[in-house]
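**Q** What follows is a single structure, and I will ask about it in a moment.
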Amino acid sequence: MLPELKIAQLRHFVWVAELKGFHAAAEKAHRTQPAISLSIRDLESKLGEVLFEKRNAKTAKAELTPFGLYFLPKAKELIAHHDRIAEDMTLLADNKSGHLRLASVPSIASRVLPILLQEFVAAAPDLHISFYDDNSAAVLKMVETQKVDFGIAHLFHEEEHPDKKFIPIWQDQIGVVCPKGHPLAQQKTLHWTALKPHRLISNGTSRLLEDSEASPLLGLSQFYVSNMISLIAMLEAGFGVTTLPWYAFPQESTKLSFIPLVDPHVVRRIGIVLLKNKSLTPPSQALLDFILKKTESSQV
């Protein structure tokens with residue numbers, strides 16, 4: 001049966017060896033000299049070999065036996081390995097190390113998360129983050145397959161995803177996006193029927209209109225563009241108009257206008273998506289708590 005070596009005893013052994021005495025080791029360990037002697041004797045008993053020569057009454061120096069000389073680097077190696085693991089786990093628990101995996105819909109990824117993540121990682125410089133930017137369906141799939149610790153997506157029908165939990169955080173209104181010189185851009189608000197005479201480009205967020213009075217627009221759409229960069233380019237070129245949530249509207253664009261759709265008034269709800277029966281890692285839980293704390297009253 002292999003001996004169970006205690007890290008404290010290994011430390012005592014190394015200190016006695018390096019400091020050449022039990023008294024000095026006792027001071028370093030904040031223990032009494034008899035306690036250190038007892039610790040060494042117990043370690044020797046486990047190893048089945050003597051570690052120190054009989055002490056010279058005149059010098060009182062602790063000299064290693066041949067076995068002790070051989071064991072010293074092994075003991076240091078064991079202590080170093082233990083300390084690395086202990087440090088890694090402590091940092092992980094304190095959210096200062098480890099690997100965090102996160103997925104989000106593009107609008108929140110570009111408009112909200114950069115500031116939140118910058119502040120979060122400032123207190124955890126050694127934390128590694130893998131970030132995925134995709135539509136809500138893809139985000140839900142990544143949560144389901146555990147590719148990410150949690151996701152940020154649109155509100156979903158719970159009956160379709162009984163294994164997931166949704167924590168609502170953000171909400172924004174659906175509006176019409178068109179070139180600034182477009183006739184619709186002159187309006188302060190819009191009724192859905194005002195879009196019927198114009199070329200409508202649908203996108204991944206258009207399904208938000210499905211359960212509203214504006215659902216007929218989906219059947220009138222001649223084009224569907226899934227990529228936001230391509231969609232914005234087509235809109236800026238005057239190719240057509242589209243509907244987008246406020247967070248998805250490219251505020252940096254000098255060529256486009258956002259006009260709120262008031263009839264119907266459609267609101268998109270976005271939040272945290274995670275598996276119901278799976279605990280988060282300490283860094284992931286810390287980020288979740290951080291987001292909740294920072295966005296308690298976040299509304300558009």
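By convention in this document, the chains of the structure tokens carry letters A, B, ... by their order, each chain's residues are numbered from 1, and ligands are numbered from 1 in the order they are shown.
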Please provide as a ChimeraX atom specification all residues within 12 Å of Pro73 of chain A, with the sequence filter that same-chain residues fewer than 3 positions apart are discarded (counting only C-alpha atoms).

**A** /A:10-11,13-14,17-18,67-70,76-80

**Q** Selection from above, N, CA, C and O atoms, as a short mmCIF file (atom, residue, chain, number, x, y, z; two decimals), in the first residue's frame, can you write it?

**A**
data_model
loop_
_atom_site.label_atom_id
_atom_site.label_comp_id
_atom_site.auth_asym_id
_atom_site.auth_seq_id
_atom_site.Cartn_x
_atom_site.Cartn_y
_atom_site.Cartn_z
N LEU A 10 5.72 17.41 4.09
CA LEU A 10 6.74 17.62 3.07
C LEU A 10 7.36 19.00 3.20
O LEU A 10 8.58 19.17 3.04
N ARG A 11 6.54 20.00 3.50
CA ARG A 11 7.07 21.35 3.70
C ARG A 11 8.02 21.37 4.90
O ARG A 11 9.09 22.00 4.84
N PHE A 13 9.78 18.96 6.06
CA PHE A 13 11.01 18.27 5.67
C PHE A 13 11.91 19.18 4.84
O PHE A 13 13.11 19.30 5.09
N VAL A 14 11.34 19.86 3.85
CA VAL A 14 12.12 20.75 2.98
C VAL A 14 12.71 21.90 3.79
O VAL A 14 13.87 22.28 3.62
N ALA A 17 15.59 20.70 5.89
CA ALA A 17 16.74 20.43 5.03
C ALA A 17 17.41 21.72 4.55
O ALA A 17 18.63 21.83 4.55
N GLU A 18 16.61 22.68 4.14
CA GLU A 18 17.16 23.92 3.59
C GLU A 18 17.72 24.84 4.66
O GLU A 18 18.73 25.52 4.44
N PHE A 67 19.22 8.75 1.53
CA PHE A 67 17.81 8.67 1.11
C PHE A 67 17.16 10.06 1.14
O PHE A 67 16.39 10.43 0.25
N GLY A 68 17.48 10.84 2.18
CA GLY A 68 16.95 12.19 2.29
C GLY A 68 17.39 13.07 1.14
O GLY A 68 16.61 13.87 0.62
N LEU A 69 18.67 12.91 0.75
CA LEU A 69 19.19 13.69 -0.39
C LEU A 69 18.44 13.34 -1.67
O LEU A 69 18.15 14.21 -2.50
N TYR A 70 18.13 12.08 -1.84
CA TYR A 70 17.40 11.63 -3.03
C TYR A 70 15.95 12.12 -2.98
O TYR A 70 15.37 12.51 -4.00
N LYS A 76 10.14 18.57 -3.17
CA LYS A 76 9.94 19.91 -3.72
C LYS A 76 9.02 19.87 -4.94
O LYS A 76 8.17 20.75 -5.14
N GLU A 77 9.19 18.84 -5.74
CA GLU A 77 8.35 18.68 -6.93
C GLU A 77 6.90 18.47 -6.55
O GLU A 77 5.98 19.04 -7.16
N LEU A 78 6.66 17.62 -5.54
CA LEU A 78 5.30 17.36 -5.07
C LEU A 78 4.67 18.63 -4.51
O LEU A 78 3.50 18.93 -4.79
N ILE A 79 5.43 19.40 -3.75
CA ILE A 79 4.91 20.64 -3.17
C ILE A 79 4.57 21.64 -4.27
O ILE A 79 3.51 22.29 -4.25
N ALA A 80 5.46 21.78 -5.26
CA ALA A 80 5.23 22.73 -6.35
C ALA A 80 3.99 22.35 -7.14
O ALA A 80 3.18 23.22 -7.52
#

**Q** Enumerate as a ChimeraX atom specification all residues of segment 24-268 of chain A assigned to strand (DSSP E) by DSSP on the backbone, naming them with the chain letters and numbers the document uses.

**A** /A:99-104,128-133,150-154,164-179,190-191,201-202,223-224,242-245,256-263,267-268

**Q** Give me the residues within 7 Å of Leu190 of chain A as JSON, numbers by chain, counting only C-alpha atoms and dropping any in the same chain fewer than 5 places off.

**A** {"A": [259, 260, 261, 262, 263]}

**Q** Within 9 Å of Val143 of chain A, counting only C-alpha atoms, which residues show up once you throw out same-chain ones fewer than 2 positions away? Write them as a VMD selection string, please.

**A** chain A and resid 102 to 103 138 to 141 145 to 151 164 273 to 275

**Q** Output N, CA and C atoms for every residue in that selection, as a compact mmCIF listing (two decimals), in the first residue's frame.

**A**
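To be explicit, this is the file written out as again_35.txt:
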# COMPACT_ATOMS: atom_id res chain seq x y z
N LEU A 102 -18.88 31.98 -24.09
CA LEU A 102 -20.09 32.79 -24.14
C LEU A 102 -20.54 32.97 -25.58
N ALA A 103 -21.87 32.97 -25.81
CA ALA A 103 -22.42 33.25 -27.14
C ALA A 103 -23.51 34.31 -27.02
N ALA A 138 -28.90 29.71 -33.23
CA ALA A 138 -27.56 29.15 -33.08
C ALA A 138 -27.08 29.25 -31.64
N VAL A 139 -27.42 30.37 -30.99
CA VAL A 139 -27.02 30.54 -29.59
C VAL A 139 -27.68 29.48 -28.71
N LEU A 140 -28.97 29.24 -28.93
CA LEU A 140 -29.68 28.22 -28.17
C LEU A 140 -29.07 26.84 -28.39
N LYS A 141 -28.66 26.57 -29.62
CA LYS A 141 -28.05 25.27 -29.94
C LYS A 141 -26.72 25.12 -29.23
N THR A 145 -25.85 22.13 -26.59
CA THR A 145 -24.74 21.18 -26.78
C THR A 145 -23.57 21.46 -25.84
N GLN A 146 -23.74 22.47 -24.98
CA GLN A 146 -22.73 22.86 -24.01
C GLN A 146 -21.42 23.32 -24.64
N LYS A 147 -21.54 23.88 -25.83
CA LYS A 147 -20.38 24.50 -26.47
C LYS A 147 -20.03 25.79 -25.74
N VAL A 148 -21.06 26.40 -25.12
CA VAL A 148 -20.85 27.61 -24.32
C VAL A 148 -21.44 27.39 -22.94
N ASP A 149 -20.97 28.19 -21.98
CA ASP A 149 -21.49 28.09 -20.61
C ASP A 149 -22.89 28.66 -20.52
N PHE A 150 -23.11 29.79 -21.18
CA PHE A 150 -24.45 30.34 -21.30
C PHE A 150 -24.49 31.25 -22.51
N GLY A 151 -25.71 31.61 -22.92
CA GLY A 151 -25.86 32.43 -24.10
C GLY A 151 -26.73 33.64 -23.83
N LYS A 164 -34.14 24.54 -20.81
CA LYS A 164 -33.40 25.80 -20.70
C LYS A 164 -34.15 26.81 -19.82
N VAL A 273 -29.55 32.80 -21.43
CA VAL A 273 -30.07 31.45 -21.63
C VAL A 273 -29.07 30.46 -21.08
N LEU A 274 -29.52 29.56 -20.21
CA LEU A 274 -28.64 28.54 -19.67
C LEU A 274 -29.42 27.26 -19.42
N LEU A 275 -28.72 26.16 -19.29
CA LEU A 275 -29.37 24.89 -19.02
C LEU A 275 -29.86 24.85 -17.59

**Q** Find the residue from A:Thr32, A:Ser257, A:Glu160, A:Asp211 that sits nearest to Thr243 of chain A; use only C-alpha atoms when measuring.

**A** A:Ser257
